[in-house]
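Dumped query14.cif below, it's mmCIF, C-alpha atoms:
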data_query
#
loop_
_atom_site.label_atom_id
_atom_site.label_comp_id
_atom_site.auth_asym_id
_atom_site.auth_seq_id
_atom_site.Cartn_x
_atom_site.Cartn_y
_atom_site.Cartn_z
CA MET A 1 -87.16 87.32 339.44
CA THR A 2 -89.47 85.25 337.22
CA GLY A 3 -92.36 86.82 339.10
CA LEU A 4 -91.05 90.24 338.09
CA ILE A 5 -90.92 89.19 334.42
CA PHE A 6 -94.53 87.97 334.67
CA LEU A 7 -95.50 91.23 336.36
CA VAL A 8 -94.00 93.39 333.60
CA ALA A 9 -95.78 91.23 330.98
CA ALA A 10 -99.09 91.60 332.85
CA ILE A 11 -98.66 95.38 333.04
CA ALA A 12 -97.85 95.40 329.31
CA MET A 13 -101.13 93.60 328.58
CA MET A 14 -103.18 95.95 330.74
CA THR A 15 -101.47 98.93 329.12
CA ALA A 16 -102.41 97.53 325.71
CA LEU A 17 -106.02 97.16 326.78
CA ALA A 18 -105.98 100.79 327.92
CA GLY A 19 -104.97 101.74 324.37
CA TYR A 20 -101.28 102.63 324.83
CA ARG A 21 -99.81 100.39 322.16
CA GLY A 22 -96.31 101.88 322.10
CA VAL A 23 -95.86 101.68 325.85
CA ALA A 24 -97.20 98.12 325.86
CA ILE A 25 -94.74 97.00 323.19
CA GLY A 26 -91.92 98.68 325.12
CA LEU A 27 -92.88 96.78 328.26
CA PHE A 28 -93.06 93.57 326.21
CA GLY A 29 -89.48 94.28 325.12
CA VAL A 30 -88.38 94.72 328.73
CA SER A 31 -89.98 91.42 329.78
CA PHE A 32 -88.57 89.61 326.72
CA VAL A 33 -85.00 90.83 327.35
CA GLY A 34 -85.39 90.01 331.05
CA ALA A 35 -86.55 86.49 330.19
CA VAL A 36 -83.65 85.93 327.78
CA LEU A 37 -81.11 87.15 330.36
CA TRP A 38 -82.69 84.96 333.03
CA PHE A 39 -82.56 81.97 330.68
CA ASP A 40 -78.88 82.67 330.03
CA ARG A 41 -78.29 82.64 333.79
CA HIS A 42 -79.91 79.22 334.08
CA MET A 43 -77.98 77.59 331.23
CA THR A 44 -75.41 76.21 333.63
CA ASP A 45 -76.00 72.44 333.65
CA PRO A 46 -73.80 70.64 331.14
CA LEU A 47 -75.59 68.57 328.52
CA SER A 48 -74.58 64.89 328.48
CA LEU A 49 -75.48 63.95 324.94
CA SER A 50 -72.61 61.62 324.02
CA LEU A 51 -73.31 57.92 324.48
CA MET B 1 -109.77 91.87 310.44
CA GLY B 2 -112.51 89.45 309.43
CA PRO B 3 -114.53 87.47 311.96
CA PHE B 4 -112.64 84.24 311.18
CA LEU B 5 -109.29 85.87 311.81
CA ARG B 6 -110.56 87.67 314.90
CA LEU B 7 -111.94 84.39 316.29
CA GLY B 8 -108.63 82.68 315.51
CA ASN B 9 -106.72 85.29 317.49
CA ALA B 10 -109.22 85.06 320.38
CA ALA B 11 -108.94 81.26 320.40
CA ALA B 12 -105.15 81.50 320.36
CA ALA B 13 -105.10 83.97 323.29
CA ALA B 14 -107.55 81.79 325.23
CA GLY B 15 -105.44 78.76 324.30
CA MET B 16 -102.31 80.31 325.82
CA ALA B 17 -104.30 81.07 328.99
CA THR B 18 -105.64 77.51 329.05
CA ILE B 19 -102.12 76.06 328.79
CA LEU B 20 -101.07 78.17 331.77
CA LEU B 21 -104.13 77.05 333.74
CA VAL B 22 -103.52 73.37 332.91
CA ALA B 23 -99.94 73.80 334.17
CA PHE B 24 -101.40 75.18 337.40
CA GLY B 25 -103.77 72.22 337.63
CA LEU B 26 -100.88 69.76 337.33
CA GLN B 27 -98.80 71.77 339.80
CA PHE B 28 -101.48 71.70 342.47
CA GLY B 29 -103.00 68.33 341.56
CA LEU B 30 -99.77 66.34 341.37
CA LYS B 31 -97.87 68.53 343.85
CA GLU B 32 -95.07 69.02 341.34
CA PHE B 33 -93.35 72.37 341.60
CA PRO B 34 -92.17 74.08 338.42
CA CYS B 35 -88.40 74.28 337.93
CA PRO B 36 -86.75 77.54 336.73
CA LEU B 37 -86.83 76.38 333.09
CA CYS B 38 -90.48 75.32 333.48
CA ASN B 39 -91.31 78.81 334.76
CA LEU B 40 -89.49 80.35 331.78
CA GLN B 41 -91.62 78.22 329.45
CA ARG B 42 -94.69 79.69 331.12
CA VAL B 43 -93.21 83.15 330.51
CA ALA B 44 -92.84 82.22 326.84
CA PHE B 45 -96.53 81.25 326.61
CA VAL B 46 -97.43 84.64 328.10
CA LEU B 47 -95.19 86.39 325.56
CA CYS B 48 -96.87 84.41 322.75
CA GLY B 49 -100.29 85.47 324.01
CA PHE B 50 -99.31 89.12 324.06
CA GLY B 51 -99.18 89.35 320.25
CA PHE B 52 -102.64 87.78 319.94
CA LEU B 53 -103.97 90.21 322.53
CA LEU B 54 -102.57 93.16 320.54
CA ASN B 55 -104.30 91.81 317.42
CA LEU B 56 -107.62 91.68 319.29
CA ARG B 57 -107.27 95.19 320.68
CA PHE B 58 -105.65 97.07 317.77
CA GLY B 59 -106.35 94.87 314.72
CA ALA B 60 -104.07 92.35 312.99
CA GLN B 61 -100.64 93.73 312.12
CA PRO B 62 -97.37 92.01 311.16
CA LEU B 63 -95.63 93.55 314.17
CA HIS B 64 -98.03 91.81 316.55
CA TYR B 65 -97.45 88.45 314.88
CA ALA B 66 -93.70 89.08 315.07
CA LEU B 67 -93.95 89.52 318.85
CA THR B 68 -95.78 86.19 319.11
CA LEU B 69 -93.09 84.54 316.98
CA LEU B 70 -90.37 85.97 319.25
CA GLY B 71 -92.16 84.48 322.25
CA ALA B 72 -92.52 81.11 320.51
CA LEU B 73 -88.83 81.05 319.49
CA PHE B 74 -87.80 81.86 323.04
CA GLY B 75 -90.06 79.07 324.28
CA LEU B 76 -88.54 76.66 321.74
CA ALA B 77 -85.05 77.52 323.01
CA VAL B 78 -86.01 76.95 326.66
CA SER B 79 -88.05 73.78 326.16
CA GLY B 80 -85.50 72.44 323.66
CA ARG B 81 -82.74 72.93 326.20
CA GLN B 82 -84.74 71.09 328.85
CA VAL B 83 -85.47 68.23 326.46
CA LEU B 84 -81.74 67.98 325.72
CA LEU B 85 -80.97 67.94 329.44
CA HIS B 86 -83.08 64.82 329.89
CA VAL B 87 -82.85 63.12 326.52
CA ALA B 88 -79.86 60.90 327.23
CA PRO B 89 -80.84 57.26 327.93
CA GLY B 90 -80.66 56.40 331.60
CA GLY B 91 -80.90 60.02 332.63
CA SER B 92 -83.56 61.27 334.98
CA ALA B 93 -86.55 63.28 333.80
CA TYR B 94 -88.24 66.18 335.57
CA GLY B 95 -91.82 65.66 336.69
CA SER B 96 -94.41 63.09 335.71
CA PRO B 97 -95.28 62.38 332.08
CA MET B 98 -98.68 63.38 330.75
CA LEU B 99 -100.12 61.26 327.92
CA GLY B 100 -96.69 59.73 327.46
CA LEU B 101 -94.69 62.94 327.20
CA HIS B 102 -93.16 65.19 329.82
CA LEU B 103 -94.45 68.74 330.08
CA TYR B 104 -91.32 70.28 328.53
CA THR B 105 -91.74 68.00 325.51
CA TRP B 106 -95.39 69.05 325.23
CA ALA B 107 -94.23 72.66 325.51
CA LEU B 108 -91.75 72.16 322.65
CA LEU B 109 -94.54 70.78 320.44
CA LEU B 110 -96.92 73.57 321.45
CA PHE B 111 -94.40 76.30 320.61
CA LEU B 112 -93.96 74.69 317.19
CA ALA B 113 -97.77 74.66 316.87
CA VAL B 114 -97.88 78.39 317.73
CA ILE B 115 -95.44 79.12 314.89
CA VAL B 116 -97.60 77.10 312.47
CA LEU B 117 -100.74 78.87 313.74
CA VAL B 118 -99.18 82.30 313.23
CA ALA B 119 -98.21 81.30 309.69
CA LEU B 120 -101.82 80.24 309.00
CA LEU B 121 -103.30 83.39 310.52
CA MET B 122 -100.91 85.54 308.47
CA MET B 123 -101.88 83.64 305.31
CA PHE B 124 -105.53 84.47 305.91
CA SER B 125 -104.80 88.07 306.87
CA ALA B 126 -105.65 90.63 304.27
CA ARG B 127 -103.86 93.96 304.41
CA PRO B 128 -102.48 95.14 307.74
CA GLU B 129 -105.09 97.25 309.49
CA HIS B 130 -103.03 100.42 309.84
CA HIS B 131 -105.89 102.41 308.35
CA ASN B 132 -108.22 101.65 311.25
CA THR B 133 -108.53 104.27 313.93
CA ASP B 134 -108.01 103.27 317.53
CA HIS B 135 -111.65 104.11 318.15
CA GLN B 136 -112.81 101.61 315.50
CA ALA B 137 -110.55 98.89 316.88
CA ALA B 138 -111.70 99.59 320.45
CA LEU B 139 -115.35 99.36 319.41
CA ARG B 140 -114.83 95.86 317.97
CA PHE B 141 -112.96 94.73 321.08
CA ARG B 142 -115.87 93.32 323.04
CA GLY B 143 -117.69 90.09 323.92
CA VAL B 144 -115.72 86.90 323.51
CA TYR B 145 -112.64 88.81 322.28
CA ARG B 146 -112.50 90.88 325.46
CA LEU B 147 -113.12 87.73 327.52
CA ALA B 148 -110.15 85.97 325.89
CA ALA B 149 -107.91 88.95 326.68
CA TYR B 150 -109.08 89.08 330.29
CA LEU B 151 -108.53 85.34 330.68
CA LEU B 152 -104.94 85.72 329.47
CA ILE B 153 -104.29 88.62 331.84
CA ALA B 154 -105.81 86.69 334.76
CA ALA B 155 -103.59 83.67 334.00
CA THR B 156 -100.54 85.96 333.84
CA LEU B 157 -101.39 87.62 337.16
CA ALA B 158 -101.88 84.18 338.73
CA ASN B 159 -98.36 83.33 337.56
CA VAL B 160 -97.02 86.53 339.15
CA ALA B 161 -98.42 85.39 342.51
CA ASN B 162 -97.34 81.77 342.00
CA SER B 163 -93.76 82.70 341.08
CA PHE B 164 -93.42 85.02 344.03
CA LEU B 165 -94.86 82.50 346.49
CA LEU B 166 -92.64 79.75 345.06
CA CYS B 167 -89.34 81.59 344.60
CA GLY B 168 -89.71 84.87 346.46
CA PRO B 169 -87.82 87.86 345.10
CA PHE B 170 -84.75 85.72 344.49
CA GLU B 171 -83.67 82.85 342.30
CA CYS B 172 -85.73 79.67 342.34
CA SER B 173 -83.97 76.49 343.41
CA ASP B 174 -83.22 74.02 340.61
CA ASN B 175 -85.49 71.40 342.12
CA PRO B 176 -88.01 73.17 344.36
CA THR B 177 -89.68 71.04 347.00
CA ASP B 178 -91.72 73.67 348.81
CA TYR B 179 -92.94 77.24 348.50
CA TRP B 180 -90.54 79.99 349.53
CA ILE B 181 -93.33 81.66 351.48
CA SER B 182 -93.85 78.55 353.63
CA LYS B 183 -90.64 79.38 355.53
CA TYR B 184 -92.39 82.44 356.90
CA LEU B 185 -95.76 80.86 357.67
CA PRO B 186 -96.54 79.38 361.07
CA THR B 187 -96.71 75.58 360.96
#

Target format structure tokens, applied to this file:
Amino acid sequence: MTGLIFLVAAIAMMTALAGYRGVAIGLFGVSFVGAVLWFDRHMTDPLSLSL
Amino acid sequence: MGPFLRLGNAAAAAGMATILLVAFGLQFGLKEFPCPLCNLQRVAFVLCGFGFLLNLRFGAQPLHYALTLLGALFGLAVSGRQVLLHVAPGGSAYGSPMLGLHLYTWALLLFLAVIVLVALLMMFSARPEHHNTDHQAALRFRGVYRLAAYLLIAATLANVANSFLLCGPFECSDNPTDYWISKYLPT
């Protein structure tokens, strides 16, 4: 899944280089939302901060 | 965008690529596999670099800096969480320290540095370059600026391959000890 997020980000960069700014920013949004959702899925371990 | 600002954005994009390449070096050199949160921090560095790349290709605009800030804030959240997971005395850390700090702590500091850098670049920005045509921006996008963008894209593509070989199309294990692809390779 992380590989897919990287892939979308890479496509976004190549799209930007090709001159399609709007599409590139849209793809950035997709990868950003995907990364946030994936982070939320991995926030499972409890923090043990009390001494 | 003046030459100083353009060089700053190129250096920042190349810097993000360098961070990703150093992480690769440590992964292969020390044989330490990145955990899911470590991989997400790499994603955040890529997201940070995207805004700098847009500045190089289309000229400096507040929207591009905002995308970099979003990436840096996401990276701060991920690295901050990992620091909190391991901050309690007596708890175990993930990976070997480098220059006295673990990689997630370095990542936390670097994301803070990205935010400071964006603030500095915005301070030295003149007006947003909305008036430039795409043709003008494309003409200036050459030499070292184009090289920095290509370096960032190459580092991102390398992470695509690395993530797939490590985790496959599924979820990475919390503490990976081998590549996912190795299950399917003859020994």

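When all atoms listed in the file are used to compute distances to chain A, the closest of the residues B:Gly143, B:Gly2, B:Gly90, B:Gly8 turns out to be B:Gly90.
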
Report as CSV the residues of chain A within 6 Å of chain B, each with its shortest atom pair and distance in Å (one decimal), using all atoms listed in the file, ordered by chain and increasing residue number.
residue,atom,partner,partner_atom,distance
A:Met1,CA,B:Pro169,CA,5.7
A:Gly3,CA,B:Val160,CA,4.7
A:Phe6,CA,B:Val160,CA,5.3
A:Leu7,CA,B:Val160,CA,5.7
A:Ala10,CA,B:Thr156,CA,5.9
A:Leu47,CA,B:Leu85,CA,5.5
A:Leu49,CA,B:Ala88,CA,5.8

Since we have the selection now, will you write its residues out, keeping C-alpha atoms, as a PDB file, in the coordinates of the input?
ATOM      1  CA  MET A   1     -87.160  87.320 339.440  1.00  0.00           C
ATOM      2  CA  GLY A   3     -92.360  86.820 339.100  1.00  0.00           C
ATOM      3  CA  PHE A   6     -94.530  87.970 334.670  1.00  0.00           C
ATOM      4  CA  LEU A   7     -95.500  91.230 336.360  1.00  0.00           C
ATOM      5  CA  ALA A  10     -99.090  91.600 332.850  1.00  0.00           C
ATOM      6  CA  LEU A  47     -75.590  68.570 328.520  1.00  0.00           C
ATOM      7  CA  LEU A  49     -75.480  63.950 324.940  1.00  0.00           C
TER       8      LEU A  49
END

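Our summary of the geometry notes that atom CA of Gly59 of chain B is positioned 16.1 Å from atom CA of Leu147 of chain B.
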
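A straight line drawn from atom CA of Ala14 of chain B to atom CA of Phe52 of chain B is 9.4 Å long.
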
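Every protein, DNA or RNA residue with an atom at most 7 Å from segment 105-122 of chain B, where all atoms listed in the file count and chain neighbours fewer than 6 positions away do not, is listed here: Leu5, Tyr65, Leu69, Ala72, Gly75, Leu76, Ser79, Gly80 and Val83 of chain B.
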
Item to complete: Go through the shown structure with the PyMOL selection byres ((chain A and resi 28) around 10) and write out the matching residues as a ChimeraX atom specification.
Response: /A:5,8-13,22-27,29-34 /B:47,50-51,67,71

Worksheet item: Phe24 of chain B: which residues within 10 Å, counting all atoms listed in the file, same-chain residues fewer than 3 positions away excluded, as a PyMOL selection string?
Response: chain B and resi 18-21+27-34+155+158-159+162

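Proximity to Ala17 of chain B was assessed for B:Cys48, B:Pro62, B:Leu185, B:Met123 counting only C-alpha atoms; the smallest distance is recorded for B:Cys48.
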
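Atom CA of Tyr145 of chain B lies 20.3 Å from atom CA of Ala66 of chain B.
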
Worksheet item: Restricting the calculation to all atoms listed in the file, which member of B:His102, B:Ala10, B:Phe124, B:Ala93 is positioned closest to Leu151 of chain B?
Response: B:Ala10
